[in-house]
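Student: The structure follows.
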Amino acid sequence: MSYDVAIIGAGHNGLTAAGYLAAKGLKVVMLERRDVIGGAAVTTEFSPGFRNSEFSYVVSLLDQLVIKDLDLKRFGLEVITREGSSITVDGEQALWMPNDTKEAIREIAKFSTHDAKQYERLDDILDAITESVRSLMRSTPYNLSQSMVSQLGDLWKSGRILSKLPLDLRTHLTELMTKSVADYLNGWFESDILKGTMAYSGSVGNFASPYHPSTAYVLLHHHFGQANGKNGAWGHARGGMGAITKAMAASARDRGVEIKTNSEVSEAILEGDRITGLRLSNGDEIKAKAVLANCHPQILFGRIINHDALTPDFSRRIKGYRSESGSFRMNVALKELPQFTALKNSKTPPELMLNGSVNIMSSVGYIEKAWRDAMDFGWAREPVIEMCIPSLLDDSLAPKGQHVMSLFCQHFRRELPDGRSWDDARDKAADTVIATVEKHAPGFAKSIIAKQINSPLDIERKLNMIGGDIFHGALHADQLYSMRPVVGAANYRMPIKGLYLGGSGAHPGGGVSGLPGRNAAREMLKDRRKWA
């Protein structure tokens with residue numbers, strides 16, 4: 001059959017783009033390799049009666065415009081805002097960070113009055129930068145390989161956004177874009193536990209030392225979130241992250257989008273310098289005027305399109321694109337809530353303190369050691385761990401009185417030393433994670449009913465994320481904005497006519513935001529007359 005647009009992959013960005021394109025009357029087909037849609041935003045039952053988000057696990061970056069434009073609430077999306085933001089445990093001490101900034105400042109003051117004052121100031125700075133730069137995330141970067149004249153609109157818009165940013169905030173933004181998260185936080189704070197808590201935002205999904213230049217940006221990247229319109233708030237989708245993509249699919253189908261599962265794209269059909277369709281692994285051919293790739297850039301170029309179809313420089317840059325997030329993902333079914341030593345004397349109900357994130361990352365040094373261990377041994381001997389218990393907010397996920405917990409863990413290398421395979425090491429690494437939690441919550445291991453484990457190799461295999469990278473490529477300064485994924489392909493248009501990139505490998509990068517798909521669809525609609 002013939003379509004206006006064929007989309008490779010039915011992850012959340014692909015579904016977002018499909019909805020926008022179909023709303024303008026285009027005939028759209030989505031081709032999903034797996035037997036389920038949703039990419040990394042899926043909910044699975046991993047033990048009888050226990051369901052949870054298998055990969056991505058919290059809602060914040062999902063853009064409010066995407067929710068509104070795709071009418072996701074009408075199609076069943078409900079986001080539950082977490083009352084607690086995070087709590088970092090370290091032996092018998094804990095730093096609780098409630099959602100309310102004033103309450104968080106009071107908690108920080110228990111460790112350092114200096115840090116409490118500094119945190120209030122930094123929070124105001126990050127909020128101001130976020131509000132000014134959010135529209136940059138929704139815009140199209142200018143492409144360094146094209147003439148400035150042909151991109152005056154994009155250049156003007158980007159310049160206008162940045163020119164509105166007050167001079168003092170521009171200096172702060174420059175620091176965040178260039179400094180390491182460790183050096184940045186060391187310049188603000190003195191207490192280890194606060195620096196560890198905040199440095200995690202520069203380490204999550206980012207296989208790099210906290211002293212690596214530009215890791216401070218990832219801290220800002222995670223500050224862009226909103227839950228139910230509240231800046232900086234995080235939440236859970238009722239029914240797990242699969243509820244997001246289920247609503248997106250319903251919205252897309254309502255607009256006429258055709259979604260095909262078990263439809264792996266094996267190669268692109270090229271005619272000269274233009275793409276005219278896709279060939280599936282079963283031999284079927286799909287004709288299309290344009291193609292949007294929602295897959296990893298190194299899946300698009302290297303597997304679907306051979307490197308000999310690319311210019312030498314573009315091929316070299318794609319081959320050198322860095323993709324490894326050091327992430328290890330687990331879900332566990334629990335008989336009861338974990339009993340953290342640091343909270344045993346707390347007057348605040350555990351249901352409130354534990355409905356946010358529970359962190360094991362006591363200092364920048366702890367995170368640095370986890371990274372060094374992974375470099376030397378393959379994975380951290382004491383991992384950096386962020387835990388969530390969504391069943392405290394959504395009782396549909398577990399039987400009454402029992403719970404599900406998400407564990408997002410750093411640092412775990414995609415390629416293990418000495419030729420070892422993750423197939424052999426997966427369970428041992430999971431035991432390391434459980435033993436680390438056990439140190440802070442005695443009895444945790446015995447409360448586990450079942451486990452779901454995804455190593456970096458599992459993430460790569462299941463989701464085609466090269467290097468197990470949850471962001472489709474490192475969010476470092478040389479792989480952002482006009483250089484994402486690489487120089488010459490920054491404005492969603494790939495160097496083959498009619499081919500676009502709209503997944504997390506495109507601006508503004510990873511996380512369940514929908515913005516790469518939304519932005520790519522906007523550029524495709526501008527070009528639609530050229531396809532004929």
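Letters A, B, ... mark the chains of the structure tokens in the order given; residue numbers begin at 1 per chain; ligand numbers begin at 1, in order shown.
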Which residues are near stretch 411-417 of chain A? Cut-off 10 Å, only C-alpha atoms, ignore same chain within fewer than 4 positions. Put them as a ChimeraX atom specification.
Tutor: /A:203-209,323-328,367-385,421-422,425,429,455-460,466-469
Student: Excluding A:Arg51 and any residue of its chain fewer than 3 positions from it, enumerate the residues within 7 Å of it, using only C-alpha atoms, and give them as a PyMOL selection string.
Tutor: chain A and resi 43-46+397-398
Student: Write out as a VMD selection string the set of residues from stretch 126-254 of chain A that DSSP, computed on the backbone, places in helix (DSSP H, G or I).
Tutor: chain A and resid 126 to 137 149 to 163 167 to 178 181 to 186 192 to 202 215 to 224 242 to 254
Student: Using only C-alpha atoms, pick whichever of A:Leu354, A:Ala199, A:Ile129, A:Ile8 has the shortest atom-to-atom distance to A:Pro98.
Tutor: A:Leu354
Student: Which one of A:Glu131, A:Asp90, A:Asn519, A:Lys246 sits closest to A:Ala41 if you count only C-alpha atoms?
Tutor: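 Of A:Glu131, A:Asp90, A:Asn519, A:Lys246, the one nearest A:Ala41, counting only C-alpha atoms, is A:Lys246.
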Student: In terms of the shortest atom-to-atom distance over only C-alpha atoms, which of A:Lys319, A:Arg255, A:Lys260, A:His221 is closest to A:Val36?
Tutor: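 Closest residue, counting only C-alpha atoms: A:Lys260.
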